[in-house]
Structures are given as C-alpha cells and as structure tokens.
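Okay, upload-v7.pdb now, which holds PDB, C-alpha atoms, pLDDT in the B column:
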ATOM      1  CA  MET A   1     103.707 118.847  76.055  1.00 35.00           C
ATOM      2  CA  MET A   2     105.635 119.934  73.003  1.00 37.00           C
ATOM      3  CA  SER A   3     109.385 119.379  72.926  1.00 40.00           C
ATOM      4  CA  ASP A   4     111.933 121.410  70.952  1.00 40.00           C
ATOM      5  CA  ASN A   5     111.581 120.005  67.490  1.00 47.00           C
ATOM      6  CA  ARG A   6     107.807 119.987  67.488  1.00 47.00           C
ATOM      7  CA  GLU A   7     106.084 122.897  65.906  1.00 53.00           C
ATOM      8  CA  PRO A   8     102.925 124.563  67.135  1.00 51.00           C
ATOM      9  CA  GLY A   9      99.587 123.713  65.548  1.00 73.00           C
ATOM     10  CA  SER A  10      97.103 121.012  66.344  1.00 85.00           C
ATOM     11  CA  PRO A  11      97.770 117.556  64.863  1.00 86.00           C
ATOM     12  CA  ALA A  12      94.100 117.591  63.844  1.00 86.00           C
ATOM     13  CA  ARG A  13      95.162 119.948  61.049  1.00 88.00           C
ATOM     14  CA  TRP A  14      97.516 117.507  59.404  1.00 89.00           C
ATOM     15  CA  VAL A  15      96.960 113.931  60.612  1.00 89.00           C
ATOM     16  CA  PRO A  16      93.741 113.335  58.610  1.00 89.00           C
ATOM     17  CA  THR A  17      95.150 114.876  55.433  1.00 91.00           C
ATOM     18  CA  LEU A  18      98.466 113.061  55.807  1.00 91.00           C
ATOM     19  CA  TYR A  19      96.776 109.686  56.041  1.00 91.00           C
ATOM     20  CA  PHE A  20      94.278 110.575  53.334  1.00 91.00           C
ATOM     21  CA  ALA A  21      97.293 111.231  51.115  1.00 92.00           C
ATOM     22  CA  GLU A  22      98.670 107.842  52.187  1.00 90.00           C
ATOM     23  CA  GLY A  23      95.488 105.925  51.393  1.00 90.00           C
ATOM     24  CA  LEU A  24      94.582 107.656  48.137  1.00 92.00           C
ATOM     25  CA  PRO A  25      97.384 106.330  45.920  1.00 93.00           C
ATOM     26  CA  PHE A  26      97.240 102.934  47.667  1.00 92.00           C
ATOM     27  CA  TYR A  27      93.624 102.395  46.693  1.00 90.00           C
ATOM     28  CA  THR A  28      94.222 103.936  43.279  1.00 92.00           C
ATOM     29  CA  VAL A  29      96.865 101.349  42.479  1.00 92.00           C
ATOM     30  CA  SER A  30      95.484  98.344  44.327  1.00 88.00           C
ATOM     31  CA  LEU A  31      91.792  98.818  43.574  1.00 88.00           C
ATOM     32  CA  MET A  32      90.926 101.413  40.976  1.00 90.00           C
ATOM     33  CA  ALA A  33      93.577 100.238  38.537  1.00 92.00           C
ATOM     34  CA  LEU A  34      91.995  96.764  38.641  1.00 91.00           C
ATOM     35  CA  ILE A  35      88.551  98.152  37.943  1.00 91.00           C
ATOM     36  CA  PHE A  36      89.919 100.410  35.211  1.00 92.00           C
ATOM     37  CA  TYR A  37      91.656  97.563  33.384  1.00 92.00           C
ATOM     38  CA  GLN A  38      88.604  95.367  33.745  1.00 91.00           C
ATOM     39  CA  ARG A  39      86.302  98.042  32.333  1.00 90.00           C
ATOM     40  CA  VAL A  40      88.478  98.689  29.300  1.00 90.00           C
ATOM     41  CA  GLY A  41      88.485  95.008  28.452  1.00 89.00           C
ATOM     42  CA  ILE A  42      91.878  93.696  29.549  1.00 90.00           C
ATOM     43  CA  SER A  43      91.697  89.964  30.358  1.00 92.00           C
ATOM     44  CA  ASN A  44      91.490  88.897  33.994  1.00 91.00           C
ATOM     45  CA  GLU A  45      94.730  86.917  33.794  1.00 92.00           C
ATOM     46  CA  VAL A  46      96.692  89.956  32.654  1.00 92.00           C
ATOM     47  CA  ILE A  47      94.991  92.160  35.246  1.00 91.00           C
ATOM     48  CA  ALA A  48      95.756  89.731  38.062  1.00 90.00           C
ATOM     49  CA  LEU A  49      99.420  89.471  37.088  1.00 92.00           C
ATOM     50  CA  THR A  50     100.077  93.163  36.528  1.00 91.00           C
ATOM     51  CA  THR A  51      98.212  94.486  39.534  1.00 88.00           C
ATOM     52  CA  SER A  52      99.817  91.893  41.817  1.00 90.00           C
ATOM     53  CA  LEU A  53     103.185  93.125  40.609  1.00 92.00           C
ATOM     54  CA  LEU A  54     102.057  96.714  41.178  1.00 92.00           C
ATOM     55  CA  GLY A  55     101.357  95.798  44.812  1.00 90.00           C
ATOM     56  CA  LEU A  56     104.937  94.644  45.406  1.00 91.00           C
ATOM     57  CA  PRO A  57     106.314  98.013  46.623  1.00 92.00           C
ATOM     58  CA  TRP A  58     104.087  97.771  49.683  1.00 90.00           C
ATOM     59  CA  SER A  59     105.447  94.329  50.543  1.00 88.00           C
ATOM     60  CA  LEU A  60     109.047  95.205  49.828  1.00 86.00           C
ATOM     61  CA  LYS A  61     109.221  98.658  51.374  1.00 86.00           C
ATOM     62  CA  PRO A  62     111.382  97.537  54.342  1.00 80.00           C
ATOM     63  CA  LEU A  63     114.144  96.967  51.778  1.00 80.00           C
ATOM     64  CA  TRP A  64     114.673 100.671  51.156  1.00 83.00           C
ATOM     65  CA  SER A  65     113.182 102.246  54.252  1.00 81.00           C
ATOM     66  CA  PRO A  66     116.568 102.749  56.013  1.00 79.00           C
ATOM     67  CA  PHE A  67     117.745 104.838  53.065  1.00 80.00           C
ATOM     68  CA  LEU A  68     114.906 107.296  53.606  1.00 81.00           C
ATOM     69  CA  GLU A  69     116.385 108.057  57.010  1.00 77.00           C
ATOM     70  CA  MET A  70     119.650 109.439  55.645  1.00 77.00           C
ATOM     71  CA  TYR A  71     118.914 112.882  54.288  1.00 79.00           C
ATOM     72  CA  LYS A  72     116.663 115.874  54.727  1.00 83.00           C
ATOM     73  CA  THR A  73     113.553 115.901  56.887  1.00 86.00           C
ATOM     74  CA  ARG A  74     110.652 113.475  56.856  1.00 88.00           C
ATOM     75  CA  LYS A  75     108.414 116.352  55.810  1.00 90.00           C
ATOM     76  CA  PHE A  76     110.568 116.887  52.732  1.00 91.00           C
ATOM     77  CA  PHE A  77     110.107 113.287  51.628  1.00 91.00           C
ATOM     78  CA  VAL A  78     106.378 113.276  52.380  1.00 93.00           C
ATOM     79  CA  VAL A  79     105.784 116.352  50.231  1.00 94.00           C
ATOM     80  CA  CYS A  80     108.125 115.096  47.499  1.00 94.00           C
ATOM     81  CA  PHE A  81     106.417 111.721  47.183  1.00 95.00           C
ATOM     82  CA  GLU A  82     102.983 113.351  47.116  1.00 95.00           C
ATOM     83  CA  PHE A  83     104.035 115.635  44.269  1.00 96.00           C
ATOM     84  CA  ILE A  84     105.649 112.854  42.261  1.00 96.00           C
ATOM     85  CA  ALA A  85     102.687 110.500  42.729  1.00 96.00           C
ATOM     86  CA  GLY A  86     100.200 113.286  41.933  1.00 96.00           C
ATOM     87  CA  LEU A  87     102.037 114.289  38.774  1.00 97.00           C
ATOM     88  CA  SER A  88     102.329 110.648  37.717  1.00 96.00           C
ATOM     89  CA  LEU A  89      98.568 110.251  38.076  1.00 96.00           C
ATOM     90  CA  GLY A  90      98.107 113.391  35.988  1.00 96.00           C
ATOM     91  CA  LEU A  91     100.414 111.954  33.316  1.00 96.00           C
ATOM     92  CA  LEU A  92      98.505 108.685  33.478  1.00 95.00           C
ATOM     93  CA  ALA A  93      95.303 110.573  32.696  1.00 95.00           C
ATOM     94  CA  LEU A  94      96.989 112.286  29.751  1.00 95.00           C
ATOM     95  CA  CYS A  95      98.388 109.077  28.263  1.00 94.00           C
ATOM     96  CA  LEU A  96      95.099 107.152  28.261  1.00 93.00           C
ATOM     97  CA  PRO A  97      94.124 108.273  24.729  1.00 92.00           C
ATOM     98  CA  LEU A  98      97.444 106.995  23.328  1.00 91.00           C
ATOM     99  CA  PRO A  99      97.559 103.620  21.541  1.00 90.00           C
ATOM    100  CA  GLY A 100     100.198 102.196  23.911  1.00 89.00           C
ATOM    101  CA  TYR A 101      98.322 103.333  27.003  1.00 92.00           C
ATOM    102  CA  PHE A 102      98.573  99.937  28.723  1.00 92.00           C
ATOM    103  CA  ARG A 103     102.334  99.926  29.084  1.00 92.00           C
ATOM    104  CA  TYR A 104     102.460 103.623  29.966  1.00 94.00           C
ATOM    105  CA  SER A 105      99.809 103.154  32.601  1.00 94.00           C
ATOM    106  CA  ILE A 106     101.691 100.228  34.158  1.00 94.00           C
ATOM    107  CA  ALA A 107     104.899 102.258  34.230  1.00 94.00           C
ATOM    108  CA  LEU A 108     103.198 105.284  35.781  1.00 95.00           C
ATOM    109  CA  LEU A 109     101.247 103.216  38.294  1.00 95.00           C
ATOM    110  CA  SER A 110     104.452 101.534  39.402  1.00 95.00           C
ATOM    111  CA  ILE A 111     105.945 104.984  40.041  1.00 95.00           C
ATOM    112  CA  VAL A 112     102.814 105.864  42.028  1.00 95.00           C
ATOM    113  CA  GLY A 113     103.161 102.581  43.949  1.00 95.00           C
ATOM    114  CA  PHE A 114     106.808 103.187  44.781  1.00 94.00           C
ATOM    115  CA  CYS A 115     106.112 106.771  45.896  1.00 94.00           C
ATOM    116  CA  SER A 116     103.094 105.756  47.928  1.00 94.00           C
ATOM    117  CA  SER A 117     104.808 102.908  49.773  1.00 93.00           C
ATOM    118  CA  SER A 118     107.787 105.164  50.513  1.00 93.00           C
ATOM    119  CA  HIS A 119     105.343 107.856  51.611  1.00 93.00           C
ATOM    120  CA  ASP A 120     103.929 105.306  54.107  1.00 91.00           C
ATOM    121  CA  ILE A 121     107.354 104.900  55.686  1.00 90.00           C
ATOM    122  CA  VAL A 122     108.105 108.590  56.128  1.00 91.00           C
ATOM    123  CA  ALA A 123     104.531 109.528  57.056  1.00 90.00           C
ATOM    124  CA  ASP A 124     104.518 106.989  59.885  1.00 89.00           C
ATOM    125  CA  GLY A 125     107.970 108.190  60.932  1.00 88.00           C
ATOM    126  CA  LEU A 126     106.763 111.772  60.951  1.00 89.00           C
ATOM    127  CA  TYR A 127     103.682 110.819  62.979  1.00 89.00           C
ATOM    128  CA  ILE A 128     105.775 109.049  65.607  1.00 88.00           C
ATOM    129  CA  ALA A 129     108.455 111.744  65.722  1.00 87.00           C
ATOM    130  CA  SER A 130     106.039 114.661  65.957  1.00 87.00           C
ATOM    131  CA  LEU A 131     103.524 113.370  68.479  1.00 85.00           C
ATOM    132  CA  ASN A 132     104.004 112.139  72.020  1.00 86.00           C
ATOM    133  CA  ALA A 133     102.615 108.757  73.129  1.00 87.00           C
ATOM    134  CA  LYS A 134      99.320 110.185  74.289  1.00 86.00           C
ATOM    135  CA  GLN A 135      98.749 112.135  71.088  1.00 86.00           C
ATOM    136  CA  GLN A 136      99.686 109.092  69.016  1.00 86.00           C
ATOM    137  CA  SER A 137      96.926 107.122  70.719  1.00 85.00           C
ATOM    138  CA  ALA A 138      94.478 109.991  70.431  1.00 84.00           C
ATOM    139  CA  TYR A 139      94.893 110.331  66.663  1.00 85.00           C
ATOM    140  CA  ALA A 140      95.141 106.619  65.810  1.00 83.00           C
ATOM    141  CA  GLY A 141      91.460 106.588  64.872  1.00 82.00           C
ATOM    142  CA  TRP A 142      91.999 109.433  62.423  1.00 80.00           C
ATOM    143  CA  GLN A 143      94.757 107.428  60.793  1.00 77.00           C
ATOM    144  CA  ALA A 144      92.544 104.431  60.205  1.00 77.00           C
ATOM    145  CA  ALA A 145      89.525 106.472  59.131  1.00 76.00           C
ATOM    146  CA  SER A 146      91.519 108.505  56.621  1.00 72.00           C
ATOM    147  CA  LEU A 147      93.326 105.476  55.250  1.00 73.00           C
ATOM    148  CA  THR A 148      90.278 103.357  54.636  1.00 70.00           C
ATOM    149  CA  SER A 149      87.841 106.056  53.549  1.00 64.00           C
ATOM    150  CA  HIS A 150      88.628 105.246  49.925  1.00 56.00           C
ATOM    151  CA  GLY A 151      87.667 101.604  50.119  1.00 52.00           C
ATOM    152  CA  SER A 152      84.014 101.961  50.866  1.00 50.00           C
ATOM    153  CA  TYR A 153      82.601 102.835  47.457  1.00 47.00           C
ATOM    154  CA  ARG A 154      83.343  99.528  45.818  1.00 46.00           C
ATOM    155  CA  ARG A 155      80.356  97.569  47.023  1.00 46.00           C
ATOM    156  CA  GLU A 156      78.000  99.040  44.449  1.00 47.00           C
ATOM    157  CA  ASP A 157      77.633  97.403  41.102  1.00 49.00           C
ATOM    158  CA  SER A 158      79.994  94.590  41.829  1.00 49.00           C
ATOM    159  CA  SER A 159      78.054  92.183  39.626  1.00 51.00           C
ATOM    160  CA  SER A 160      80.009  93.118  36.531  1.00 52.00           C
ATOM    161  CA  LEU A 161      83.361  92.751  38.225  1.00 52.00           C
ATOM    162  CA  PRO A 162      85.500  89.618  38.003  1.00 53.00           C
ATOM    163  CA  ASP A 163      85.343  87.177  40.904  1.00 52.00           C
ATOM    164  CA  PHE A 164      88.599  88.191  42.490  1.00 51.00           C
ATOM    165  CA  LEU A 165      87.320  91.760  42.867  1.00 52.00           C
ATOM    166  CA  ARG A 166      83.927  90.930  44.227  1.00 49.00           C
ATOM    167  CA  HIS A 167      84.801  89.638  47.650  1.00 47.00           C
ATOM    168  CA  GLY A 168      85.296  92.272  50.294  1.00 46.00           C
ATOM    169  CA  CYS A 169      87.817  95.014  50.784  1.00 44.00           C
ATOM    170  CA  PRO A 170      91.542  94.428  51.076  1.00 47.00           C
ATOM    171  CA  SER A 171      91.994  92.876  54.487  1.00 45.00           C
ATOM    172  CA  SER A 172      94.705  95.228  55.615  1.00 45.00           C
ATOM    173  CA  ALA A 173      95.505  98.848  55.155  1.00 45.00           C
ATOM    174  CA  PRO A 174      99.077  99.846  54.339  1.00 47.00           C
ATOM    175  CA  GLY A 175     101.404 100.812  57.144  1.00 43.00           C
TER     176      GLY A 175
ATOM    177  CA  MET B   1      85.957 106.793  23.687  1.00 70.00           C
ATOM    178  CA  PRO B   2      83.739 107.913  26.575  1.00 85.00           C
ATOM    179  CA  VAL B   3      85.071 105.208  28.934  1.00 87.00           C
ATOM    180  CA  PHE B   4      88.621 106.460  28.546  1.00 90.00           C
ATOM    181  CA  ARG B   5      87.510 110.051  28.914  1.00 92.00           C
ATOM    182  CA  ALA B   6      85.785 109.166  32.187  1.00 93.00           C
ATOM    183  CA  TRP B   7      88.914 107.469  33.519  1.00 93.00           C
ATOM    184  CA  MET B   8      91.042 110.423  32.395  1.00 94.00           C
ATOM    185  CA  ILE B   9      88.882 112.664  34.571  1.00 94.00           C
ATOM    186  CA  ILE B  10      89.122 110.228  37.498  1.00 93.00           C
ATOM    187  CA  PHE B  11      92.902 109.754  37.406  1.00 95.00           C
ATOM    188  CA  GLY B  12      93.416 113.446  36.656  1.00 96.00           C
ATOM    189  CA  SER B  13      91.305 114.459  39.652  1.00 95.00           C
ATOM    190  CA  LEU B  14      93.115 112.023  41.936  1.00 95.00           C
ATOM    191  CA  GLY B  15      96.444 113.434  40.777  1.00 96.00           C
ATOM    192  CA  LEU B  16      95.222 116.961  41.347  1.00 96.00           C
ATOM    193  CA  ILE B  17      93.984 116.109  44.855  1.00 95.00           C
ATOM    194  CA  LEU B  18      97.366 114.589  45.682  1.00 95.00           C
ATOM    195  CA  VAL B  19      99.282 117.621  44.397  1.00 96.00           C
ATOM    196  CA  LEU B  20      96.984 119.949  46.370  1.00 96.00           C
ATOM    197  CA  LEU B  21      97.541 117.827  49.480  1.00 95.00           C
ATOM    198  CA  GLY B  22     101.280 118.130  48.818  1.00 95.00           C
ATOM    199  CA  LEU B  23     100.993 121.918  48.631  1.00 95.00           C
ATOM    200  CA  TYR B  24      99.002 121.981  51.863  1.00 94.00           C
ATOM    201  CA  HIS B  25     101.447 119.642  53.592  1.00 92.00           C
ATOM    202  CA  ALA B  26     104.401 121.780  52.544  1.00 92.00           C
ATOM    203  CA  ARG B  27     102.855 124.450  54.757  1.00 90.00           C
ATOM    204  CA  ALA B  28     101.046 122.520  57.484  1.00 88.00           C
ATOM    205  CA  LEU B  29     103.237 119.552  58.392  1.00 87.00           C
ATOM    206  CA  PRO B  30     105.725 119.598  61.250  1.00 87.00           C
ATOM    207  CA  SER B  31     109.240 118.761  60.104  1.00 81.00           C
ATOM    208  CA  GLY B  32     109.269 115.433  61.956  1.00 74.00           C
ATOM    209  CA  GLY B  33     112.745 115.811  63.381  1.00 72.00           C
ATOM    210  CA  GLU B  34     115.858 117.705  62.450  1.00 70.00           C
ATOM    211  CA  ASP B  35     117.485 117.884  59.069  1.00 68.00           C
ATOM    212  CA  ARG B  36     119.573 114.769  58.576  1.00 69.00           C
ATOM    213  CA  HIS B  37     122.888 114.748  56.779  1.00 66.00           C
ATOM    214  CA  SER B  38     124.071 111.260  57.507  1.00 64.00           C
ATOM    215  CA  GLY B  39     126.023 110.256  54.454  1.00 63.00           C
ATOM    216  CA  ASN B  40     127.266 107.294  56.437  1.00 73.00           C
ATOM    217  CA  ILE B  41     126.391 104.291  54.353  1.00 77.00           C
ATOM    218  CA  LYS B  42     127.883 101.922  56.928  1.00 81.00           C
ATOM    219  CA  GLU B  43     125.471 103.048  59.579  1.00 78.00           C
ATOM    220  CA  VAL B  44     122.562 102.639  57.200  1.00 79.00           C
ATOM    221  CA  ALA B  45     123.796  99.158  56.275  1.00 83.00           C
ATOM    222  CA  ARG B  46     123.972  98.253  59.963  1.00 84.00           C
ATOM    223  CA  THR B  47     120.419  99.476  60.543  1.00 80.00           C
ATOM    224  CA  TYR B  48     119.324  97.608  57.458  1.00 82.00           C
ATOM    225  CA  TRP B  49     120.875  94.354  58.656  1.00 86.00           C
ATOM    226  CA  ASP B  50     119.318  94.869  62.073  1.00 85.00           C
ATOM    227  CA  VAL B  51     115.889  95.230  60.439  1.00 80.00           C
ATOM    228  CA  VAL B  52     116.356  91.995  58.475  1.00 82.00           C
ATOM    229  CA  VAL B  53     117.593  90.035  61.521  1.00 87.00           C
ATOM    230  CA  ARG B  54     114.821  91.258  63.805  1.00 85.00           C
ATOM    231  CA  PHE B  55     112.233  90.552  61.152  1.00 79.00           C
ATOM    232  CA  SER B  56     113.448  86.987  60.646  1.00 82.00           C
ATOM    233  CA  ARG B  57     113.397  86.374  64.404  1.00 84.00           C
ATOM    234  CA  ASN B  58     109.712  87.153  64.612  1.00 80.00           C
ATOM    235  CA  PRO B  59     108.207  83.936  66.023  1.00 79.00           C
ATOM    236  CA  THR B  60     104.977  84.375  64.070  1.00 78.00           C
ATOM    237  CA  LEU B  61     106.738  84.745  60.726  1.00 72.00           C
ATOM    238  CA  PHE B  62     106.393  81.134  59.574  1.00 72.00           C
ATOM    239  CA  CYS B  63     103.540  79.846  61.687  1.00 65.00           C
ATOM    240  CA  CYS B  64     100.463  81.737  62.728  1.00 55.00           C
TER     241      CYS B  64
END
For this file, write the structure as structure tokens.
Amino acid sequence: MMSDNREPGSPARWVPTLYFAEGLPFYTVSLMALIFYQRVGISNEVIALTTSLLGLPWSLKPLWSPFLEMYKTRKFFVVCFEFIAGLSLGLLALCLPLPGYFRYSIALLSIVGFCSSSHDIVADGLYIASLNAKQQSAYAGWQAASLTSHGSYRREDSSSLPDFLRHGCPSSAPG
Amino acid sequence: MPVFRAWMIIFGSLGLILVLLGLYHARALPSGGEDRHSGNIKEVARTYWDVVVRFSRNPTLFCC
C-alpha cells in the first residue's frame, strides 16, 4: 500500500486537522472579518470593498502556485503558512485597541489570506502526493467536513447583519 | 471597549489554534514527497505557462 516516500501513520491522524487548518483562516477572512467590521460600525460599502479585495488571493492563487513547487517539502510550506497566519491573527488581536486598527487589520488579514490560499495549494498537493487513489477517495469526506465546519454557526442572529451577509453560506469551499 | 475586547479574544484564539495546529503538523504530517531543490526558473515558467494555457482552453470557462 505505502510506497517509499510515504511515512507510516494513518491519514486519519492528519487529514482532518490539515483541512481544519485550511478552512479556519478562510472563514476568518471571508466571513468573520465581515461580521467584525459590521459590528464595530464600519459602513457596508467599505466592508464590501475591503473584504472582496481580501478574497482575491483565493482567486489568484494559480498565479504563484508553480513557485511553491520549487523548494523544500510540501510539509515545510504547510507548517510555515500555518505559523505565519496564526501569528498574524495573534497580532491582529493585539492591534485592535490601537487607533489605526482598521488599516492594521486589513494588512494583517491580507497576510492571513495570502498564507491561507497558498496553504490550500500545498495542502492539496501533500494530500495527493501522500495518499494513493483509494485513500484519496476514502478521506474526501473528511476534507469537506473539516473545511466547512466553520461555516455553520452563522445562521443565528442574522437579523442584525447587512443584506449581503444574510443569505446563505459561501457557495464553494476553497480548493 | 467590550466589543473590541471580545474580538481580541476571538482572533487571538483563532491564531492560537492555528499555531497549535502548525506545531502538531510539524510532527504528524507526512513530507508529501522528497525535498525539492529545483532552482530552475525556466522549468517553473514552462509549468506556469502550461497552467495558463490549459486553463484558458477549458470549454466551460466562458459559458456554463
């Protein structure tokens, strides 16, 4: 079953966490940032513009994906992007009390967005490279479940949200 | 302001979860292939162009 470059250990140990780590920053940037800005009183026009721009890394990721194939291992990049995105979110939390928090938060969320969309590329590459066809099919459900587990909370208390947030979850998960 | 404090806790926790996942993945993930040392920018450019061409040839790109 396992070929040379595959390491022992069940994929069940890392597939759910890998895709949880893929979905978490995606929903943080594409969903929670919107709700955050809305709750702190930023106007809907500004929110729509900035958060649409923050979503660009996920649309444009094919532009730099070949460059992630040049050096090191996929694991290296996965872990790197998780650390950078996690630390950026920590910094974001710390800069919220500052007067210029809006611009800092946009800058940090764009770093999170870039890391997360790049994480998508290498995580999918790692999944394909580490599992054979049968295993890939077997764990596909875990991928989807882990990715979308963040999106389910938003139905409650949607009455105070702006119109563009009220209607349904994002139609597609990243990947 | 309590609203900001609440969001600090939320974003801080998310960041912490992601860093902890990173620490776990540093131990638990398979390497996903061998170490790559391809400094060959030409090869990357060729792959890149191939991606663009194949993408633009997708018949469902402009009409669904």
Check: Which one of B:Ile41, B:Ser13, B:Arg27, B:Gly32 sits closest to chain A if you count all atoms listed in the file?
Finding: B:Gly32
Note to self: With all atoms listed in the file considered, list every residue of chain B at most 8 Å from chain A, as a VMD selection string.
What the structure shows: chain B and resid 3 to 4 7 to 19 21 to 23 25 to 26 28 to 40 44 47 to 48 51
Would you mind exporting C-alpha atoms of the selected residues as a short mmCIF file (atom, residue, chain, number, x, y, z; two decimals), keeping the file's coordinate frame?
data_model
loop_
_atom_site.label_atom_id
_atom_site.label_comp_id
_atom_site.auth_asym_id
_atom_site.auth_seq_id
_atom_site.Cartn_x
_atom_site.Cartn_y
_atom_site.Cartn_z
CA VAL B 3 85.07 105.21 28.93
CA PHE B 4 88.62 106.46 28.55
CA TRP B 7 88.91 107.47 33.52
CA MET B 8 91.04 110.42 32.40
CA ILE B 9 88.88 112.66 34.57
CA ILE B 10 89.12 110.23 37.50
CA PHE B 11 92.90 109.75 37.41
CA GLY B 12 93.42 113.45 36.66
CA SER B 13 91.30 114.46 39.65
CA LEU B 14 93.12 112.02 41.94
CA GLY B 15 96.44 113.43 40.78
CA LEU B 16 95.22 116.96 41.35
CA ILE B 17 93.98 116.11 44.86
CA LEU B 18 97.37 114.59 45.68
CA VAL B 19 99.28 117.62 44.40
CA LEU B 21 97.54 117.83 49.48
CA GLY B 22 101.28 118.13 48.82
CA LEU B 23 100.99 121.92 48.63
CA HIS B 25 101.45 119.64 53.59
CA ALA B 26 104.40 121.78 52.54
CA ALA B 28 101.05 122.52 57.48
CA LEU B 29 103.24 119.55 58.39
CA PRO B 30 105.72 119.60 61.25
CA SER B 31 109.24 118.76 60.10
CA GLY B 32 109.27 115.43 61.96
CA GLY B 33 112.74 115.81 63.38
CA GLU B 34 115.86 117.70 62.45
CA ASP B 35 117.48 117.88 59.07
CA ARG B 36 119.57 114.77 58.58
CA HIS B 37 122.89 114.75 56.78
CA SER B 38 124.07 111.26 57.51
CA GLY B 39 126.02 110.26 54.45
CA ASN B 40 127.27 107.29 56.44
CA VAL B 44 122.56 102.64 57.20
CA THR B 47 120.42 99.48 60.54
CA TYR B 48 119.32 97.61 57.46
CA VAL B 51 115.89 95.23 60.44
#
Note to self: Suppose a student applies the PyMOL selection byres ((chain A and resi 57) around 9) to this structure; what residues should they get, written as a ChimeraX atom specification?
What the structure shows: /A:53-56,58-61,110,113-118
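The coordinates place atom CA of A:Phe102 at 12.3 Å from atom CA of A:Leu34.
Residue nearest A:Tyr139, chosen from A:Gly100, A:Gly41, A:Pro16, A:Gly23 and counting all atoms listed in the file: A:Pro16.
Atom CA of A:Tyr19 is positioned 5.5 Å from atom CA of A:Leu147.
The two atoms in question, atom CA of A:His119 and atom CA of B:Val53, are spaced 23.8 Å apart.
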